[in-house]
Amino acid sequence: MSTFAPPRRAWVEQVMGMPVSLHLRGPGLDSAPVRRGVEAVFALLRETDAVFSTYRVDSDVSRINRGELAVADAHPWVGEVAALCDEARERTGGWFDARLPGPGGGRWWDPSGLVKGWAAERAAGLLSGWDRCLNAGGDVVVAAAGHPPWRVGVEDPLRPSALAHVITLVSGAVATSGTARRGAHIVDPYRGSPTAEVAGVTVVGPSLRWADVYATAAAAKGVTGLDLLRGTGYEGLLVDRDGAARVTGGFGRAPR
């Protein structure tokens, strides 16, 4: 007995310093509307990088941190993201904070922990109505419009060639944060120093923007980071630096 497999296409570009892949399923994938939609997705991500990159000296964020540009005078997205970062700090009890210790003992603004999820979710929304999966460097947003659910593999943070879990999703998001690949780059906002207690945190929920925030905040908080997910509608898997795994009660249940 054969199972129907809808037509499928994939596009991959290097954007925001990472590989971004877009997968679509269904008929008409060679049509002009699809081509325009795909172009718009990657154009939005490139513009996001131009505005928010902390590695580009000409980005709005870099200019704001050098005191050359006010938030009110920056790209309109900057004010939107700044407000979301404030909301994220409140939602996480301060464990997500875009205001990080900067040179000379001051503070600088780095919204990276929110921007990737926010941008990927916004970009995927440009293809509303299509059966889609957008993977931005491991942060994934999906929608299965009448087709089988998407299966999202979660990499074992201590054994990158192995999977720690496979998540089945009809629609929603999966975000991952941790220190296994990039080292201790996540800053504990209360101590003002990098934390390395957590190898990886994966958060599943309805919005990639907030899944990304909660994953970053949980990694910053350490081995008790999944406590931040209580009552949020998001579920998580946390692997500490010794390989011990912790999960929330609803992680891995029926597709959302």
# chains A, B, ... in the order shown; residues from 1 in each chain; ligands from 1
call {"tool": "select_by_dssp", "arguments": {"residues": "stretch 52-250 of chain A", "states": "alpha helix (DSSP H)", "output": "number ranges by chain"}}
result
A: 52, 60-65, 76-91, 112-124, 208-221
call {"tool": "write_last_selection", "arguments": {"atoms": "C-alpha atoms", "output": "PDB file, in the first residue's frame"}}
result
ATOM      1  CA  PHE A  52      20.254  43.858  13.268  1.00  0.00           C
ATOM      2  CA  ASP A  60      21.415  49.868  12.745  1.00  0.00           C
ATOM      3  CA  VAL A  61      22.218  47.895  15.901  1.00  0.00           C
ATOM      4  CA  SER A  62      25.953  48.599  15.604  1.00  0.00           C
ATOM      5  CA  ARG A  63      25.307  52.282  15.017  1.00  0.00           C
ATOM      6  CA  ILE A  64      22.942  52.420  18.009  1.00  0.00           C
ATOM      7  CA  ASN A  65      25.565  50.814  20.227  1.00  0.00           C
ATOM      8  CA  PRO A  76      10.958  50.748  11.898  1.00  0.00           C
ATOM      9  CA  TRP A  77      11.695  47.130  12.769  1.00  0.00           C
ATOM     10  CA  VAL A  78      14.124  48.274  15.474  1.00  0.00           C
ATOM     11  CA  GLY A  79      11.421  49.876  17.609  1.00  0.00           C
ATOM     12  CA  GLU A  80       9.213  46.792  17.202  1.00  0.00           C
ATOM     13  CA  VAL A  81      12.023  44.448  18.253  1.00  0.00           C
ATOM     14  CA  ALA A  82      13.057  46.700  21.147  1.00  0.00           C
ATOM     15  CA  ALA A  83       9.506  46.518  22.514  1.00  0.00           C
ATOM     16  CA  LEU A  84       9.474  42.726  22.099  1.00  0.00           C
ATOM     17  CA  CYS A  85      12.802  42.470  23.941  1.00  0.00           C
ATOM     18  CA  ASP A  86      11.291  44.398  26.850  1.00  0.00           C
ATOM     19  CA  GLU A  87       8.318  42.019  26.829  1.00  0.00           C
ATOM     20  CA  ALA A  88      10.688  39.033  26.688  1.00  0.00           C
ATOM     21  CA  ARG A  89      12.573  40.285  29.740  1.00  0.00           C
ATOM     22  CA  GLU A  90       9.275  40.508  31.636  1.00  0.00           C
ATOM     23  CA  ARG A  91       8.051  37.080  30.439  1.00  0.00           C
ATOM     24  CA  SER A 112      20.045  38.441  18.568  1.00  0.00           C
ATOM     25  CA  GLY A 113      18.322  35.999  20.934  1.00  0.00           C
ATOM     26  CA  LEU A 114      14.953  37.219  19.689  1.00  0.00           C
ATOM     27  CA  VAL A 115      15.645  38.486  16.195  1.00  0.00           C
ATOM     28  CA  LYS A 116      16.355  35.164  14.496  1.00  0.00           C
ATOM     29  CA  GLY A 117      13.070  33.612  15.562  1.00  0.00           C
ATOM     30  CA  TRP A 118      11.152  36.823  14.944  1.00  0.00           C
ATOM     31  CA  ALA A 119      12.577  37.184  11.434  1.00  0.00           C
ATOM     32  CA  ALA A 120      12.155  33.527  10.456  1.00  0.00           C
ATOM     33  CA  GLU A 121       8.550  33.516  11.643  1.00  0.00           C
ATOM     34  CA  ARG A 122       7.845  36.746   9.789  1.00  0.00           C
ATOM     35  CA  ALA A 123       9.483  35.416   6.627  1.00  0.00           C
ATOM     36  CA  ALA A 124       7.567  32.133   6.732  1.00  0.00           C
ATOM     37  CA  LEU A 208       9.094  30.679  16.880  1.00  0.00           C
ATOM     38  CA  ARG A 209       9.682  34.169  18.253  1.00  0.00           C
ATOM     39  CA  TRP A 210       8.825  33.093  21.785  1.00  0.00           C
ATOM     40  CA  ALA A 211      10.233  29.584  21.495  1.00  0.00           C
ATOM     41  CA  ASP A 212      13.565  31.230  20.627  1.00  0.00           C
ATOM     42  CA  VAL A 213      13.302  33.590  23.596  1.00  0.00           C
ATOM     43  CA  TYR A 214      12.441  30.814  26.050  1.00  0.00           C
ATOM     44  CA  ALA A 215      15.252  28.582  24.753  1.00  0.00           C
ATOM     45  CA  THR A 216      17.783  31.383  25.199  1.00  0.00           C
ATOM     46  CA  ALA A 217      16.459  32.286  28.650  1.00  0.00           C
ATOM     47  CA  ALA A 218      16.427  28.656  29.814  1.00  0.00           C
ATOM     48  CA  ALA A 219      20.024  28.173  28.678  1.00  0.00           C
ATOM     49  CA  ALA A 220      21.026  31.339  30.532  1.00  0.00           C
ATOM     50  CA  LYS A 221      19.283  30.205  33.723  1.00  0.00           C
TER      51      LYS A 221
END
call {"tool": "closest_atom_pairs", "arguments": {"of": "stretch 40-156 of chain A", "to": "stretch 7-28 of chain A", "cutoff": "9 Å", "atoms": "only C-alpha atoms", "output": "Markdown table"}}
result
| residue | atom | partner | partner_atom | distance |
| --- | --- | --- | --- | --- |
| A:Val41 | CA | A:Leu22 | CA | 8.8 |
| A:Phe42 | CA | A:Glu13 | CA | 7.7 |
| A:Leu45 | CA | A:Val15 | CA | 6.7 |
| A:Arg46 | CA | A:Val15 | CA | 6.1 |
| A:Thr48 | CA | A:Met16 | CA | 7.9 |
| A:Asp49 | CA | A:Met16 | CA | 5.3 |
| A:Ala50 | CA | A:Met16 | CA | 8.6 |
| A:Ser53 | CA | A:Met16 | CA | 7.4 |
| A:Lys116 | CA | A:Met16 | CA | 8.5 |
| A:Ala124 | CA | A:Leu22 | CA | 8.6 |
| A:Trp130 | CA | A:Leu24 | CA | 7.0 |
| A:Asp131 | CA | A:Arg25 | CA | 5.3 |
| A:Arg132 | CA | A:Leu24 | CA | 4.6 |
| A:Cys133 | CA | A:His23 | CA | 5.1 |
| A:Leu134 | CA | A:Leu22 | CA | 4.5 |
| A:Asn135 | CA | A:Ser21 | CA | 5.2 |
| A:Ala136 | CA | A:Val20 | CA | 4.5 |
| A:Gly137 | CA | A:Met18 | CA | 5.6 |
| A:Gly138 | CA | A:Val20 | CA | 8.6 |
| A:Ala144 | CA | A:Arg25 | CA | 8.5 |
| A:Ala145 | CA | A:Arg25 | CA | 8.9 |
| A:His147 | CA | A:Arg25 | CA | 8.1 |
call {"tool": "select_by_dssp", "arguments": {"residues": "stretch 118-229 of chain A", "states": "strand (DSSP E or B)", "output": "JSON, numbers by chain"}}
result
{"A": [131, 132, 133, 134, 135, 136, 139, 140, 141, 142, 143, 150, 151, 152, 153, 154, 155, 156, 159, 160, 161, 162, 163, 164, 165, 166, 167, 168, 169, 171, 172, 173, 174, 175, 176, 177, 187, 188, 193, 194, 198, 199, 200, 201, 202, 203, 204, 205]}
call {"tool": "closest_residue", "arguments": {"among": "A:Leu228, A:Val239, A:Ala70, A:Val140", "to": "A:Val201", "atoms": "only C-alpha atoms"}}
result
A:Val239
call {"tool": "atom_distance", "arguments": {"atom1": "atom CA of A:Leu163", "atom2": "atom CA of A:Leu237"}}
result
12.6 Å
call {"tool": "decode", "arguments": {"residues": "stretch 82-122 of chain A", "atoms": "N, CA and C atoms", "output": "PDB file, in the first residue's frame"}}
result
ATOM      1  N   ALA A  82      12.709  46.189  19.816  1.00  0.00           N
ATOM      2  CA  ALA A  82      13.057  46.700  21.147  1.00  0.00           C
ATOM      3  C   ALA A  82      11.899  46.485  22.116  1.00  0.00           C
ATOM      4  N   ALA A  83      10.676  46.731  21.660  1.00  0.00           N
ATOM      5  CA  ALA A  83       9.506  46.518  22.514  1.00  0.00           C
ATOM      6  C   ALA A  83       9.331  45.038  22.843  1.00  0.00           C
ATOM      7  N   LEU A  84       9.572  44.170  21.863  1.00  0.00           N
ATOM      8  CA  LEU A  84       9.474  42.726  22.099  1.00  0.00           C
ATOM      9  C   LEU A  84      10.543  42.252  23.082  1.00  0.00           C
ATOM     10  N   CYS A  85      11.741  42.825  22.996  1.00  0.00           N
ATOM     11  CA  CYS A  85      12.802  42.470  23.941  1.00  0.00           C
ATOM     12  C   CYS A  85      12.418  42.855  25.362  1.00  0.00           C
ATOM     13  N   ASP A  86      11.771  44.005  25.526  1.00  0.00           N
ATOM     14  CA  ASP A  86      11.291  44.398  26.850  1.00  0.00           C
ATOM     15  C   ASP A  86      10.241  43.410  27.355  1.00  0.00           C
ATOM     16  N   GLU A  87       9.334  43.000  26.456  1.00  0.00           N
ATOM     17  CA  GLU A  87       8.318  42.019  26.829  1.00  0.00           C
ATOM     18  C   GLU A  87       8.968  40.681  27.182  1.00  0.00           C
ATOM     19  N   ALA A  88       9.999  40.298  26.420  1.00  0.00           N
ATOM     20  CA  ALA A  88      10.688  39.033  26.688  1.00  0.00           C
ATOM     21  C   ALA A  88      11.356  39.054  28.054  1.00  0.00           C
ATOM     22  N   ARG A  89      11.936  40.177  28.429  1.00  0.00           N
ATOM     23  CA  ARG A  89      12.573  40.285  29.740  1.00  0.00           C
ATOM     24  C   ARG A  89      11.523  40.090  30.848  1.00  0.00           C
ATOM     25  N   GLU A  90      10.338  40.663  30.645  1.00  0.00           N
ATOM     26  CA  GLU A  90       9.275  40.508  31.636  1.00  0.00           C
ATOM     27  C   GLU A  90       8.770  39.066  31.681  1.00  0.00           C
ATOM     28  N   ARG A  91       8.577  38.449  30.501  1.00  0.00           N
ATOM     29  CA  ARG A  91       8.051  37.080  30.439  1.00  0.00           C
ATOM     30  C   ARG A  91       8.983  36.072  31.108  1.00  0.00           C
ATOM     31  N   THR A  92      10.271  36.335  31.065  1.00  0.00           N
ATOM     32  CA  THR A  92      11.253  35.363  31.565  1.00  0.00           C
ATOM     33  C   THR A  92      11.833  35.745  32.924  1.00  0.00           C
ATOM     34  N   GLY A  93      11.252  36.728  33.566  1.00  0.00           N
ATOM     35  CA  GLY A  93      11.775  37.138  34.861  1.00  0.00           C
ATOM     36  C   GLY A  93      13.191  37.674  34.781  1.00  0.00           C
ATOM     37  N   GLY A  94      13.536  38.251  33.639  1.00  0.00           N
ATOM     38  CA  GLY A  94      14.854  38.849  33.470  1.00  0.00           C
ATOM     39  C   GLY A  94      15.909  37.912  32.923  1.00  0.00           C
ATOM     40  N   TRP A  95      15.563  36.630  32.696  1.00  0.00           N
ATOM     41  CA  TRP A  95      16.574  35.692  32.193  1.00  0.00           C
ATOM     42  C   TRP A  95      16.855  35.883  30.709  1.00  0.00           C
ATOM     43  N   PHE A  96      15.962  36.516  29.986  1.00  0.00           N
ATOM     44  CA  PHE A  96      16.286  37.015  28.652  1.00  0.00           C
ATOM     45  C   PHE A  96      16.447  38.520  28.790  1.00  0.00           C
ATOM     46  N   ASP A  97      17.600  39.015  28.392  1.00  0.00           N
ATOM     47  CA  ASP A  97      17.852  40.456  28.460  1.00  0.00           C
ATOM     48  C   ASP A  97      18.753  40.841  27.296  1.00  0.00           C
ATOM     49  N   ALA A  98      18.243  41.704  26.427  1.00  0.00           N
ATOM     50  CA  ALA A  98      19.025  42.130  25.272  1.00  0.00           C
ATOM     51  C   ALA A  98      20.070  43.174  25.625  1.00  0.00           C
ATOM     52  N   ARG A  99      20.029  43.673  26.830  1.00  0.00           N
ATOM     53  CA  ARG A  99      21.014  44.665  27.284  1.00  0.00           C
ATOM     54  C   ARG A  99      22.139  43.925  27.992  1.00  0.00           C
ATOM     55  N   LEU A 100      23.240  43.759  27.291  1.00  0.00           N
ATOM     56  CA  LEU A 100      24.350  42.940  27.790  1.00  0.00           C
ATOM     57  C   LEU A 100      25.519  43.816  28.243  1.00  0.00           C
ATOM     58  N   PRO A 101      26.383  43.258  29.102  1.00  0.00           N
ATOM     59  CA  PRO A 101      27.577  44.021  29.499  1.00  0.00           C
ATOM     60  C   PRO A 101      28.426  44.341  28.276  1.00  0.00           C
ATOM     61  N   GLY A 102      28.825  45.582  28.153  1.00  0.00           N
ATOM     62  CA  GLY A 102      29.609  46.009  27.004  1.00  0.00           C
ATOM     63  C   GLY A 102      30.995  46.459  27.391  1.00  0.00           C
ATOM     64  N   PRO A 103      31.757  46.917  26.420  1.00  0.00           N
ATOM     65  CA  PRO A 103      33.109  47.404  26.693  1.00  0.00           C
ATOM     66  C   PRO A 103      33.098  48.562  27.689  1.00  0.00           C
ATOM     67  N   GLY A 104      34.074  48.576  28.556  1.00  0.00           N
ATOM     68  CA  GLY A 104      34.194  49.684  29.492  1.00  0.00           C
ATOM     69  C   GLY A 104      33.216  49.649  30.641  1.00  0.00           C
ATOM     70  N   GLY A 105      32.542  48.507  30.834  1.00  0.00           N
ATOM     71  CA  GLY A 105      31.624  48.384  31.955  1.00  0.00           C
ATOM     72  C   GLY A 105      30.224  48.887  31.679  1.00  0.00           C
ATOM     73  N   GLY A 106      29.951  49.391  30.480  1.00  0.00           N
ATOM     74  CA  GLY A 106      28.615  49.859  30.155  1.00  0.00           C
ATOM     75  C   GLY A 106      27.741  48.738  29.640  1.00  0.00           C
ATOM     76  N   ARG A 107      26.643  49.110  29.000  1.00  0.00           N
ATOM     77  CA  ARG A 107      25.713  48.152  28.431  1.00  0.00           C
ATOM     78  C   ARG A 107      25.618  48.366  26.927  1.00  0.00           C
ATOM     79  N   TRP A 108      25.418  47.278  26.199  1.00  0.00           N
ATOM     80  CA  TRP A 108      25.145  47.404  24.780  1.00  0.00           C
ATOM     81  C   TRP A 108      23.962  46.530  24.453  1.00  0.00           C
ATOM     82  N   TRP A 109      23.305  46.840  23.338  1.00  0.00           N
ATOM     83  CA  TRP A 109      22.041  46.206  22.997  1.00  0.00           C
ATOM     84  C   TRP A 109      22.278  45.119  21.954  1.00  0.00           C
ATOM     85  N   ASP A 110      21.925  43.879  22.306  1.00  0.00           N
ATOM     86  CA  ASP A 110      22.076  42.756  21.382  1.00  0.00           C
ATOM     87  C   ASP A 110      20.780  41.941  21.382  1.00  0.00           C
ATOM     88  N   PRO A 111      19.890  42.210  20.421  1.00  0.00           N
ATOM     89  CA  PRO A 111      18.605  41.507  20.370  1.00  0.00           C
ATOM     90  C   PRO A 111      18.676  40.176  19.625  1.00  0.00           C
ATOM     91  N   SER A 112      19.876  39.641  19.397  1.00  0.00           N
ATOM     92  CA  SER A 112      20.045  38.441  18.568  1.00  0.00           C
ATOM     93  C   SER A 112      19.215  37.263  19.070  1.00  0.00           C
ATOM     94  N   GLY A 113      19.058  37.125  20.389  1.00  0.00           N
ATOM     95  CA  GLY A 113      18.322  35.999  20.934  1.00  0.00           C
ATOM     96  C   GLY A 113      16.850  36.001  20.606  1.00  0.00           C
ATOM     97  N   LEU A 114      16.346  37.126  20.118  1.00  0.00           N
ATOM     98  CA  LEU A 114      14.953  37.219  19.689  1.00  0.00           C
ATOM     99  C   LEU A 114      14.827  37.387  18.185  1.00  0.00           C
ATOM    100  N   VAL A 115      15.781  38.077  17.592  1.00  0.00           N
ATOM    101  CA  VAL A 115      15.645  38.486  16.195  1.00  0.00           C
ATOM    102  C   VAL A 115      15.556  37.307  15.231  1.00  0.00           C
ATOM    103  N   LYS A 116      16.358  36.271  15.451  1.00  0.00           N
ATOM    104  CA  LYS A 116      16.355  35.164  14.496  1.00  0.00           C
ATOM    105  C   LYS A 116      14.977  34.519  14.410  1.00  0.00           C
ATOM    106  N   GLY A 117      14.395  34.204  15.569  1.00  0.00           N
ATOM    107  CA  GLY A 117      13.070  33.612  15.562  1.00  0.00           C
ATOM    108  C   GLY A 117      12.010  34.547  15.030  1.00  0.00           C
ATOM    109  N   TRP A 118      12.102  35.811  15.416  1.00  0.00           N
ATOM    110  CA  TRP A 118      11.152  36.823  14.944  1.00  0.00           C
ATOM    111  C   TRP A 118      11.208  36.948  13.427  1.00  0.00           C
ATOM    112  N   ALA A 119      12.411  37.007  12.878  1.00  0.00           N
ATOM    113  CA  ALA A 119      12.577  37.184  11.434  1.00  0.00           C
ATOM    114  C   ALA A 119      12.144  35.948  10.661  1.00  0.00           C
ATOM    115  N   ALA A 120      12.528  34.757  11.151  1.00  0.00           N
ATOM    116  CA  ALA A 120      12.155  33.527  10.456  1.00  0.00           C
ATOM    117  C   ALA A 120      10.644  33.337  10.460  1.00  0.00           C
ATOM    118  N   GLU A 121      10.008  33.629  11.570  1.00  0.00           N
ATOM    119  CA  GLU A 121       8.550  33.516  11.643  1.00  0.00           C
ATOM    120  C   GLU A 121       7.877  34.511  10.703  1.00  0.00           C
ATOM    121  N   ARG A 122       8.395  35.717  10.683  1.00  0.00           N
ATOM    122  CA  ARG A 122       7.845  36.746   9.789  1.00  0.00           C
ATOM    123  C   ARG A 122       8.034  36.350   8.332  1.00  0.00           C
TER     124      ARG A 122
END
